[in-house]
$ cat upload_15.cif   # mmCIF, C-alpha atoms
data_input
loop_
_atom_site.group_PDB
_atom_site.id
_atom_site.type_symbol
_atom_site.label_atom_id
_atom_site.label_comp_id
_atom_site.auth_asym_id
_atom_site.auth_seq_id
_atom_site.Cartn_x
_atom_site.Cartn_y
_atom_site.Cartn_z
ATOM 1 C CA MET A 29 -95.534 146.853 -70.942
ATOM 2 C CA GLU A 30 -99.225 146.387 -71.878
ATOM 3 C CA GLN A 31 -98.358 146.671 -75.569
ATOM 4 C CA GLN A 32 -95.616 144.064 -75.143
ATOM 5 C CA LYS A 33 -98.074 141.623 -73.481
ATOM 6 C CA ASN A 34 -100.546 142.141 -76.320
ATOM 7 C CA ALA A 35 -97.817 141.364 -78.863
ATOM 8 C CA LEU A 36 -97.569 137.914 -77.283
ATOM 9 C CA VAL A 37 -101.322 137.441 -77.527
ATOM 10 C CA GLN A 38 -101.978 138.426 -81.140
ATOM 11 C CA PRO A 39 -101.177 135.194 -82.996
ATOM 12 C CA LEU A 40 -102.484 132.859 -80.299
ATOM 13 C CA PRO A 41 -106.233 133.520 -80.723
ATOM 14 C CA VAL A 42 -105.837 132.978 -84.461
ATOM 15 C CA LEU A 43 -103.968 129.728 -83.838
ATOM 16 C CA ILE A 44 -106.651 128.503 -81.431
ATOM 17 C CA ALA A 45 -109.416 129.413 -83.884
ATOM 18 C CA SER A 46 -107.535 127.626 -86.648
ATOM 19 C CA VAL A 47 -107.159 124.348 -84.755
ATOM 20 C CA ALA A 48 -110.783 124.540 -83.633
ATOM 21 C CA GLN A 49 -111.913 125.029 -87.217
ATOM 22 C CA ALA A 50 -109.726 122.147 -88.390
ATOM 23 C CA GLN A 51 -111.413 119.814 -85.907
ATOM 24 C CA LEU A 52 -114.873 121.087 -86.837
ATOM 25 C CA ASN A 53 -114.133 120.735 -90.560
ATOM 26 C CA LEU A 54 -113.235 117.085 -89.991
ATOM 27 C CA PHE A 55 -116.034 116.225 -87.563
ATOM 28 C CA GLU A 56 -119.042 118.112 -88.963
ATOM 29 C CA PRO A 57 -119.361 116.005 -92.152
ATOM 30 C CA VAL A 58 -119.396 112.758 -90.154
ATOM 31 C CA LYS A 59 -122.955 111.429 -89.924
ATOM 32 C CA GLN A 60 -124.596 110.752 -86.573
ATOM 33 C CA SER A 61 -124.718 107.072 -87.559
ATOM 34 C CA GLU A 62 -120.897 107.035 -87.787
ATOM 35 C CA VAL A 63 -119.685 109.216 -84.887
ATOM 36 C CA ASN A 64 -120.058 106.465 -82.285
ATOM 37 C CA ARG A 65 -118.605 103.664 -84.424
ATOM 38 C CA ILE A 66 -115.239 102.245 -83.333
ATOM 39 C CA PRO A 67 -112.948 102.608 -86.365
ATOM 40 C CA PHE A 68 -110.340 100.059 -85.286
ATOM 41 C CA GLU A 69 -109.419 98.088 -82.190
ATOM 42 C CA GLY A 70 -108.079 100.179 -79.335
ATOM 43 C CA SER A 71 -109.321 103.463 -80.789
ATOM 44 C CA TRP A 72 -111.750 106.001 -79.483
ATOM 45 C CA THR A 73 -114.717 106.801 -81.650
ATOM 46 C CA ALA A 74 -114.808 110.192 -83.401
ATOM 47 C CA ALA A 75 -117.391 111.306 -80.831
ATOM 48 C CA GLU A 76 -115.229 110.179 -77.899
ATOM 49 C CA LEU A 77 -112.256 112.075 -79.306
ATOM 50 C CA ILE A 78 -114.336 115.262 -79.629
ATOM 51 C CA GLU A 79 -115.680 114.775 -76.092
ATOM 52 C CA HIS A 80 -112.066 114.410 -74.928
ATOM 53 C CA MET A 81 -111.276 117.730 -76.612
ATOM 54 C CA VAL A 82 -114.293 119.390 -74.971
ATOM 55 C CA LEU A 83 -113.156 118.127 -71.561
ATOM 56 C CA SER A 84 -109.541 119.070 -72.183
ATOM 57 C CA ILE A 85 -110.238 122.586 -73.455
ATOM 58 C CA SER A 86 -112.699 123.081 -70.579
ATOM 59 C CA SER A 87 -109.938 122.156 -68.133
ATOM 60 C CA SER A 88 -107.618 124.646 -69.859
ATOM 61 C CA VAL A 89 -110.289 127.317 -69.410
ATOM 62 C CA ASP A 90 -110.483 126.389 -65.705
ATOM 63 C CA VAL A 91 -106.704 126.639 -65.318
ATOM 64 C CA LEU A 92 -106.507 129.994 -67.100
ATOM 65 C CA SER A 93 -109.379 131.321 -64.955
ATOM 66 C CA GLY A 94 -107.999 129.928 -61.711
ATOM 67 C CA PRO A 95 -105.584 131.235 -59.104
ATOM 68 C CA ILE A 96 -102.361 132.850 -60.335
ATOM 69 C CA ARG A 97 -99.157 134.444 -59.159
ATOM 70 C CA ASP A 98 -96.521 136.621 -60.782
ATOM 71 C CA THR A 99 -93.997 134.723 -62.866
ATOM 72 C CA ASP A 100 -90.287 134.858 -62.043
ATOM 73 C CA ARG A 101 -89.051 133.362 -65.334
ATOM 74 C CA ALA A 102 -89.639 133.808 -69.048
ATOM 75 C CA PRO A 103 -93.403 133.270 -69.546
ATOM 76 C CA ASP A 104 -92.763 131.106 -72.621
ATOM 77 C CA GLN A 105 -89.947 129.027 -71.107
ATOM 78 C CA TYR A 106 -91.767 125.699 -71.494
ATOM 79 C CA VAL A 107 -93.667 126.317 -74.747
ATOM 80 C CA GLN A 108 -91.164 124.441 -76.918
ATOM 81 C CA ARG A 109 -90.926 121.550 -74.445
ATOM 82 C CA VAL A 110 -94.718 121.171 -74.422
ATOM 83 C CA LYS A 111 -94.798 121.401 -78.227
ATOM 84 C CA ASP A 112 -92.111 118.738 -78.592
ATOM 85 C CA MET A 113 -94.030 116.465 -76.228
ATOM 86 C CA PHE A 114 -97.471 116.728 -77.842
ATOM 87 C CA LEU A 115 -96.389 116.835 -81.470
ATOM 88 C CA ASN A 116 -94.136 113.793 -81.165
ATOM 89 C CA PHE A 117 -96.521 111.183 -82.546
ATOM 90 C CA ASP A 118 -94.161 108.374 -81.539
ATOM 91 C CA LEU A 119 -95.001 109.119 -77.904
ATOM 92 C CA LYS A 120 -98.191 107.589 -76.521
ATOM 93 C CA PHE A 121 -100.060 109.121 -73.597
ATOM 94 C CA LYS A 122 -102.770 107.832 -71.308
ATOM 95 C CA SER A 123 -105.559 110.341 -70.880
ATOM 96 C CA ALA A 124 -106.041 111.783 -67.407
ATOM 97 C CA PRO A 125 -109.251 110.444 -65.831
ATOM 98 C CA SER A 126 -110.762 113.946 -65.660
ATOM 99 C CA ILE A 127 -110.585 114.327 -69.454
ATOM 100 C CA THR A 128 -111.305 110.737 -70.462
ATOM 101 C CA PRO A 129 -114.591 110.480 -72.361
ATOM 102 C CA ALA A 130 -117.327 108.263 -70.961
ATOM 103 C CA LYS A 131 -118.126 105.108 -72.912
ATOM 104 C CA LYS A 132 -121.554 106.069 -74.188
ATOM 105 C CA LEU A 133 -123.380 107.147 -77.319
ATOM 106 C CA TYR A 134 -122.864 110.830 -78.109
ATOM 107 C CA ASP A 135 -125.020 113.251 -80.044
ATOM 108 C CA ARG A 136 -122.999 114.763 -82.892
ATOM 109 C CA ASP A 137 -124.787 118.140 -82.897
ATOM 110 C CA ILE A 138 -124.419 118.635 -79.147
ATOM 111 C CA LEU A 139 -120.692 117.836 -79.386
ATOM 112 C CA ILE A 140 -120.252 120.391 -82.172
ATOM 113 C CA LYS A 141 -121.932 123.106 -80.063
ATOM 114 C CA LYS A 142 -119.899 122.196 -76.985
ATOM 115 C CA LEU A 143 -116.640 122.200 -78.947
ATOM 116 C CA ARG A 144 -117.349 125.668 -80.377
ATOM 117 C CA THR A 145 -118.282 126.996 -76.953
ATOM 118 C CA VAL A 146 -115.139 125.794 -75.172
ATOM 119 C CA TYR A 147 -112.835 127.034 -77.921
ATOM 120 C CA ASN A 148 -114.558 130.441 -77.863
ATOM 121 C CA SER A 149 -114.089 130.560 -74.087
ATOM 122 C CA LEU A 150 -110.402 129.765 -74.476
ATOM 123 C CA ILE A 151 -109.964 132.450 -77.131
ATOM 124 C CA TYR A 152 -111.716 134.994 -74.907
ATOM 125 C CA LEU A 153 -109.389 134.251 -71.983
ATOM 126 C CA VAL A 154 -106.290 134.418 -74.179
ATOM 127 C CA GLU A 155 -107.441 137.803 -75.453
ATOM 128 C CA THR A 156 -108.328 139.243 -72.039
ATOM 129 C CA LYS A 157 -106.021 137.739 -69.398
ATOM 130 C CA ASP A 158 -102.393 138.499 -68.617
ATOM 131 C CA LEU A 159 -100.680 135.489 -70.185
ATOM 132 C CA THR A 160 -97.453 136.078 -68.291
ATOM 133 C CA ASP A 161 -99.001 135.035 -64.948
ATOM 134 C CA THR A 162 -98.320 131.559 -63.547
ATOM 135 C CA CYS A 163 -101.372 129.329 -63.070
ATOM 136 C CA LEU A 164 -101.682 127.579 -59.712
ATOM 137 C CA LEU A 165 -104.748 125.371 -60.145
ATOM 138 C CA TRP A 166 -102.535 122.383 -60.896
ATOM 139 C CA GLU A 167 -99.073 121.487 -62.077
ATOM 140 C CA PHE A 168 -98.299 120.111 -65.504
ATOM 141 C CA PRO A 169 -96.806 116.583 -65.248
ATOM 142 C CA THR A 170 -92.999 116.471 -65.469
ATOM 143 C CA ILE A 171 -92.721 120.287 -65.668
ATOM 144 C CA GLY A 172 -94.607 121.975 -62.828
ATOM 145 C CA TYR A 173 -96.589 125.196 -62.844
ATOM 146 C CA LEU A 174 -97.084 126.788 -66.258
ATOM 147 C CA THR A 175 -97.941 130.311 -67.233
ATOM 148 C CA ARG A 176 -101.218 131.129 -68.930
ATOM 149 C CA LEU A 177 -99.256 131.467 -72.163
ATOM 150 C CA GLU A 178 -97.782 127.973 -71.790
ATOM 151 C CA TRP A 179 -101.162 126.453 -70.857
ATOM 152 C CA ALA A 180 -102.764 128.076 -73.906
ATOM 153 C CA TYR A 181 -100.068 126.652 -76.160
ATOM 154 C CA GLN A 182 -100.464 123.285 -74.444
ATOM 155 C CA ALA A 183 -104.138 123.385 -75.412
ATOM 156 C CA VAL A 184 -103.181 124.165 -79.021
ATOM 157 C CA TYR A 185 -100.549 121.428 -79.316
ATOM 158 C CA HIS A 186 -102.786 118.881 -77.615
ATOM 159 C CA ALA A 187 -105.572 119.822 -80.039
ATOM 160 C CA GLN A 188 -103.226 119.559 -83.027
ATOM 161 C CA ARG A 189 -102.226 116.087 -81.901
ATOM 162 C CA HIS A 190 -105.850 115.015 -81.668
ATOM 163 C CA THR A 191 -106.733 116.643 -84.967
ATOM 164 C CA GLN A 192 -104.327 114.191 -86.582
ATOM 165 C CA GLN A 193 -105.915 111.329 -84.645
ATOM 166 C CA LEU A 194 -109.396 112.485 -85.694
ATOM 167 C CA ARG A 195 -108.276 112.492 -89.335
ATOM 168 C CA ASN A 196 -107.028 108.916 -88.884
ATOM 169 C CA ILE A 197 -110.297 107.805 -87.266
ATOM 170 C CA ILE A 198 -112.382 109.350 -90.038
ATOM 171 C CA ASP A 199 -110.165 107.792 -92.728
ATOM 172 C CA HIS A 200 -110.769 104.375 -91.145
ATOM 173 C CA LEU A 201 -114.527 104.958 -90.938
ATOM 174 C CA GLN A 202 -114.664 105.705 -94.652
ATOM 175 C CA LEU A 203 -112.682 102.584 -95.552
ATOM 176 C CA SER A 204 -114.769 100.149 -93.540
#

$ encode --input "upload_15.cif" --output "structure tokens"
Amino acid sequence: MEQQKNALVQPLPVLIASVAQAQLNLFEPVKQSEVNRIPFEGSWTAAELIEHMVLSISSSVDVLSGPIRDTDRAPDQYVQRVKDMFLNFDLKFKSAPSITPAKKLYDRDILIKKLRTVYNSLIYLVETKDLTDTCLLWEFPTIGYLTRLEWAYQAVYHAQRHTQQLRNIIDHLQLS
């Protein structure tokens, strides 16, 4: 059984590292003088988006580290549903207050360090925890309790969604 659980885990750390690197590759070249500039009306700044990712990934780490119970269903039952939700760019979501970035000026270098740290924490948990367990810290809206595997994929799909938004923000900064 342990080997079967590890088979589930193998691609996930690579996927998390890949999305983290994609965000870093986009954000690191942005100058401090640009990270807090609003690219277009109604948008977050690049720094606010990265802070949102730091808060979001940190909350995923909290969920994966929190209370659990055995799972009585397929541990990946909701992965596709979560993927379809986050990677549908026609859908718009309002950020939960706990992961909404504060309206302030951010330091680019501190954000980069924080982003690396939270992604490394997430990778560590995915590599060391039983991903088939159900997380009980809180329920996912419209679905309910997710397994560690589903929460980890939620973090990936959410990050992929925001990687696209970060690309859009940076494109607008370069044009203006």

$ residues_around --input "upload_15.cif" --residues "A:Glu76" --least-positions-apart "2" --cutoff "9 Å" --atoms "only C-alpha atoms" --output "VMD selection string"
chain A and resid 63 to 64 72 to 74 78 to 81 128 to 134

$ closest_residue --input "upload_15.cif" --among "A:Ile85, A:Asp137, A:Arg176, A:Ala102" --to "A:Leu164" --atoms "all atoms listed in the file"
A:Arg176

$ axis_aligned_box --input "upload_15.cif" --around "stretch 160-166 of chain A" --padding-each-side "6 Å" --output "JSON"
{"center_x": -101.1, "center_y": 129.2, "center_z": -64.0, "size_x": 19.3, "size_y": 25.7, "size_z": 20.6}

$ resolve_selection --input "upload_15.cif" --expression "the PyMOL selection byres ((chain A and resi 111) around 9)" --output "PyMOL selection string"
chain A and resi 106-110+112-116+181-182+184-186

$ residues_around --input "upload_15.cif" --residues "A:Ala48" --least-positions-apart "5" --cutoff "9 Å" --atoms "only C-alpha atoms" --output "PyMOL selection string"
chain A and resi 43+53+143-144+147+184+187+191

$ atom_distance --input "upload_15.cif" --atom1 "atom CA of A:Pro41" --atom2 "atom CA of A:Ala180"
9.4 Å

$ decode --input "upload_15.cif" --residues "stretch 60-76 of chain A" --atoms "all heavy atoms" --output "PDB file, in the first residue's frame"
ATOM      1  N   GLN A  60      11.541  46.630  -8.679  1.00  0.00           N
ATOM      2  CA  GLN A  60      10.848  47.102  -7.478  1.00  0.00           C
ATOM      3  C   GLN A  60       9.957  48.303  -7.807  1.00  0.00           C
ATOM      4  O   GLN A  60       8.847  48.412  -7.301  1.00  0.00           O
ATOM      5  CB  GLN A  60      11.856  47.467  -6.379  1.00  0.00           C
ATOM      6  CG  GLN A  60      11.226  48.062  -5.122  1.00  0.00           C
ATOM      7  CD  GLN A  60      10.272  47.122  -4.412  1.00  0.00           C
ATOM      8  OE1 GLN A  60      10.580  45.957  -4.218  1.00  0.00           O
ATOM      9  NE2 GLN A  60       9.105  47.628  -4.019  1.00  0.00           N
ATOM     10  N   SER A  61      10.407  49.151  -8.694  1.00  0.00           N
ATOM     11  CA  SER A  61       9.635  50.354  -9.053  1.00  0.00           C
ATOM     12  C   SER A  61       8.337  50.008  -9.793  1.00  0.00           C
ATOM     13  O   SER A  61       7.448  50.860  -9.903  1.00  0.00           O
ATOM     14  CB  SER A  61      10.480  51.295  -9.905  1.00  0.00           C
ATOM     15  OG  SER A  61      10.879  50.660 -11.111  1.00  0.00           O
ATOM     16  N   GLU A  62       8.206  48.791 -10.272  1.00  0.00           N
ATOM     17  CA  GLU A  62       7.030  48.384 -11.049  1.00  0.00           C
ATOM     18  C   GLU A  62       6.081  47.443 -10.292  1.00  0.00           C
ATOM     19  O   GLU A  62       4.909  47.340 -10.657  1.00  0.00           O
ATOM     20  CB  GLU A  62       7.465  47.682 -12.345  1.00  0.00           C
ATOM     21  CG  GLU A  62       8.213  48.588 -13.303  1.00  0.00           C
ATOM     22  CD  GLU A  62       7.310  49.658 -13.889  1.00  0.00           C
ATOM     23  OE1 GLU A  62       6.252  49.324 -14.422  1.00  0.00           O
ATOM     24  OE2 GLU A  62       7.672  50.839 -13.775  1.00  0.00           O
ATOM     25  N   VAL A  63       6.574  46.731  -9.284  1.00  0.00           N
ATOM     26  CA  VAL A  63       5.762  45.672  -8.666  1.00  0.00           C
ATOM     27  C   VAL A  63       4.503  46.184  -7.990  1.00  0.00           C
ATOM     28  O   VAL A  63       3.529  45.442  -7.868  1.00  0.00           O
ATOM     29  CB  VAL A  63       6.571  44.792  -7.677  1.00  0.00           C
ATOM     30  CG1 VAL A  63       7.669  44.044  -8.388  1.00  0.00           C
ATOM     31  CG2 VAL A  63       7.077  45.583  -6.499  1.00  0.00           C
ATOM     32  N   ASN A  64       4.507  47.435  -7.550  1.00  0.00           N
ATOM     33  CA  ASN A  64       3.353  47.991  -6.850  1.00  0.00           C
ATOM     34  C   ASN A  64       2.496  48.895  -7.733  1.00  0.00           C
ATOM     35  O   ASN A  64       1.565  49.541  -7.246  1.00  0.00           O
ATOM     36  CB  ASN A  64       3.817  48.755  -5.605  1.00  0.00           C
ATOM     37  CG  ASN A  64       4.373  47.822  -4.556  1.00  0.00           C
ATOM     38  OD1 ASN A  64       3.657  46.993  -4.002  1.00  0.00           O
ATOM     39  ND2 ASN A  64       5.675  47.930  -4.296  1.00  0.00           N
ATOM     40  N   ARG A  65       2.794  48.912  -9.029  1.00  0.00           N
ATOM     41  CA  ARG A  65       2.044  49.758  -9.964  1.00  0.00           C
ATOM     42  C   ARG A  65       0.800  49.011 -10.450  1.00  0.00           C
ATOM     43  O   ARG A  65       0.876  47.852 -10.844  1.00  0.00           O
ATOM     44  CB  ARG A  65       2.922  50.144 -11.153  1.00  0.00           C
ATOM     45  CG  ARG A  65       2.299  51.237 -11.999  1.00  0.00           C
ATOM     46  CD  ARG A  65       3.322  52.021 -12.797  1.00  0.00           C
ATOM     47  NE  ARG A  65       4.062  51.222 -13.757  1.00  0.00           N
ATOM     48  CZ  ARG A  65       3.721  51.074 -15.037  1.00  0.00           C
ATOM     49  NH1 ARG A  65       2.642  51.670 -15.515  1.00  0.00           N
ATOM     50  NH2 ARG A  65       4.462  50.353 -15.836  1.00  0.00           N
ATOM     51  N   ILE A  66      -0.333  49.686 -10.430  1.00  0.00           N
ATOM     52  CA  ILE A  66      -1.588  49.093 -10.912  1.00  0.00           C
ATOM     53  C   ILE A  66      -1.535  49.082 -12.436  1.00  0.00           C
ATOM     54  O   ILE A  66      -1.414  50.136 -13.062  1.00  0.00           O
ATOM     55  CB  ILE A  66      -2.805  49.890 -10.399  1.00  0.00           C
ATOM     56  CG1 ILE A  66      -2.849  49.848  -8.877  1.00  0.00           C
ATOM     57  CG2 ILE A  66      -4.091  49.342 -11.004  1.00  0.00           C
ATOM     58  CD1 ILE A  66      -3.866  50.792  -8.253  1.00  0.00           C
ATOM     59  N   PRO A  67      -1.640  47.906 -13.054  1.00  0.00           N
ATOM     60  CA  PRO A  67      -1.487  47.813 -14.507  1.00  0.00           C
ATOM     61  C   PRO A  67      -2.713  48.283 -15.285  1.00  0.00           C
ATOM     62  O   PRO A  67      -2.587  48.800 -16.389  1.00  0.00           O
ATOM     63  CB  PRO A  67      -1.228  46.338 -14.735  1.00  0.00           C
ATOM     64  CG  PRO A  67      -1.901  45.661 -13.586  1.00  0.00           C
ATOM     65  CD  PRO A  67      -1.789  46.603 -12.424  1.00  0.00           C
ATOM     66  N   PHE A  68      -3.885  48.071 -14.717  1.00  0.00           N
ATOM     67  CA  PHE A  68      -5.130  48.504 -15.351  1.00  0.00           C
ATOM     68  C   PHE A  68      -6.215  48.526 -14.282  1.00  0.00           C
ATOM     69  O   PHE A  68      -6.081  47.880 -13.235  1.00  0.00           O
ATOM     70  CB  PHE A  68      -5.524  47.613 -16.540  1.00  0.00           C
ATOM     71  CG  PHE A  68      -5.529  46.136 -16.243  1.00  0.00           C
ATOM     72  CD1 PHE A  68      -6.670  45.501 -15.783  1.00  0.00           C
ATOM     73  CD2 PHE A  68      -4.382  45.366 -16.442  1.00  0.00           C
ATOM     74  CE1 PHE A  68      -6.689  44.145 -15.514  1.00  0.00           C
ATOM     75  CE2 PHE A  68      -4.377  44.004 -16.172  1.00  0.00           C
ATOM     76  CZ  PHE A  68      -5.532  43.395 -15.705  1.00  0.00           C
ATOM     77  N   GLU A  69      -7.263  49.264 -14.540  1.00  0.00           N
ATOM     78  CA  GLU A  69      -8.324  49.440 -13.553  1.00  0.00           C
ATOM     79  C   GLU A  69      -8.928  48.105 -13.128  1.00  0.00           C
ATOM     80  O   GLU A  69      -9.203  47.236 -13.957  1.00  0.00           O
ATOM     81  CB  GLU A  69      -9.421  50.342 -14.133  1.00  0.00           C
ATOM     82  CG  GLU A  69     -10.444  50.772 -13.106  1.00  0.00           C
ATOM     83  CD  GLU A  69     -11.466  51.754 -13.648  1.00  0.00           C
ATOM     84  OE1 GLU A  69     -11.164  52.449 -14.631  1.00  0.00           O
ATOM     85  OE2 GLU A  69     -12.569  51.797 -13.093  1.00  0.00           O
ATOM     86  N   GLY A  70      -9.095  47.945 -11.831  1.00  0.00           N
ATOM     87  CA  GLY A  70      -9.703  46.741 -11.288  1.00  0.00           C
ATOM     88  C   GLY A  70      -8.740  45.595 -11.061  1.00  0.00           C
ATOM     89  O   GLY A  70      -9.137  44.535 -10.591  1.00  0.00           O
ATOM     90  N   SER A  71      -7.479  45.791 -11.376  1.00  0.00           N
ATOM     91  CA  SER A  71      -6.475  44.736 -11.248  1.00  0.00           C
ATOM     92  C   SER A  71      -5.685  44.883  -9.956  1.00  0.00           C
ATOM     93  O   SER A  71      -5.494  45.976  -9.441  1.00  0.00           O
ATOM     94  CB  SER A  71      -5.502  44.798 -12.427  1.00  0.00           C
ATOM     95  OG  SER A  71      -4.452  43.864 -12.257  1.00  0.00           O
ATOM     96  N   TRP A  72      -5.201  43.748  -9.475  1.00  0.00           N
ATOM     97  CA  TRP A  72      -4.180  43.772  -8.447  1.00  0.00           C
ATOM     98  C   TRP A  72      -2.869  44.183  -9.093  1.00  0.00           C
ATOM     99  O   TRP A  72      -2.683  44.043 -10.306  1.00  0.00           O
ATOM    100  CB  TRP A  72      -4.000  42.384  -7.845  1.00  0.00           C
ATOM    101  CG  TRP A  72      -5.022  41.981  -6.827  1.00  0.00           C
ATOM    102  CD1 TRP A  72      -5.862  42.797  -6.132  1.00  0.00           C
ATOM    103  CD2 TRP A  72      -5.294  40.650  -6.383  1.00  0.00           C
ATOM    104  NE1 TRP A  72      -6.634  42.053  -5.288  1.00  0.00           N
ATOM    105  CE2 TRP A  72      -6.308  40.738  -5.411  1.00  0.00           C
ATOM    106  CE3 TRP A  72      -4.788  39.406  -6.704  1.00  0.00           C
ATOM    107  CZ2 TRP A  72      -6.815  39.622  -4.752  1.00  0.00           C
ATOM    108  CZ3 TRP A  72      -5.290  38.299  -6.055  1.00  0.00           C
ATOM    109  CH2 TRP A  72      -6.295  38.398  -5.092  1.00  0.00           C
ATOM    110  N   THR A  73      -1.948  44.629  -8.271  1.00  0.00           N
ATOM    111  CA  THR A  73      -0.584  44.833  -8.741  1.00  0.00           C
ATOM    112  C   THR A  73       0.105  43.470  -8.799  1.00  0.00           C
ATOM    113  O   THR A  73      -0.402  42.479  -8.240  1.00  0.00           O
ATOM    114  CB  THR A  73       0.197  45.750  -7.776  1.00  0.00           C
ATOM    115  OG1 THR A  73       0.354  45.068  -6.524  1.00  0.00           O
ATOM    116  CG2 THR A  73      -0.508  47.089  -7.578  1.00  0.00           C
ATOM    117  N   ALA A  74       1.266  43.407  -9.447  1.00  0.00           N
ATOM    118  CA  ALA A  74       2.033  42.153  -9.473  1.00  0.00           C
ATOM    119  C   ALA A  74       2.383  41.724  -8.052  1.00  0.00           C
ATOM    120  O   ALA A  74       2.298  40.537  -7.704  1.00  0.00           O
ATOM    121  CB  ALA A  74       3.291  42.325 -10.319  1.00  0.00           C
ATOM    122  N   ALA A  75       2.744  42.684  -7.212  1.00  0.00           N
ATOM    123  CA  ALA A  75       3.096  42.375  -5.820  1.00  0.00           C
ATOM    124  C   ALA A  75       1.888  41.841  -5.047  1.00  0.00           C
ATOM    125  O   ALA A  75       2.016  40.884  -4.269  1.00  0.00           O
ATOM    126  CB  ALA A  75       3.659  43.616  -5.134  1.00  0.00           C
ATOM    127  N   GLU A  76       0.725  42.442  -5.250  1.00  0.00           N
ATOM    128  CA  GLU A  76      -0.480  41.955  -4.564  1.00  0.00           C
ATOM    129  C   GLU A  76      -0.822  40.534  -5.003  1.00  0.00           C
ATOM    130  O   GLU A  76      -1.226  39.702  -4.177  1.00  0.00           O
ATOM    131  CB  GLU A  76      -1.655  42.897  -4.834  1.00  0.00           C
ATOM    132  CG  GLU A  76      -1.540  44.228  -4.111  1.00  0.00           C
ATOM    133  CD  GLU A  76      -2.566  45.241  -4.562  1.00  0.00           C
ATOM    134  OE1 GLU A  76      -3.101  45.138  -5.690  1.00  0.00           O
ATOM    135  OE2 GLU A  76      -2.824  46.180  -3.785  1.00  0.00           O
TER     136      GLU A  76
END
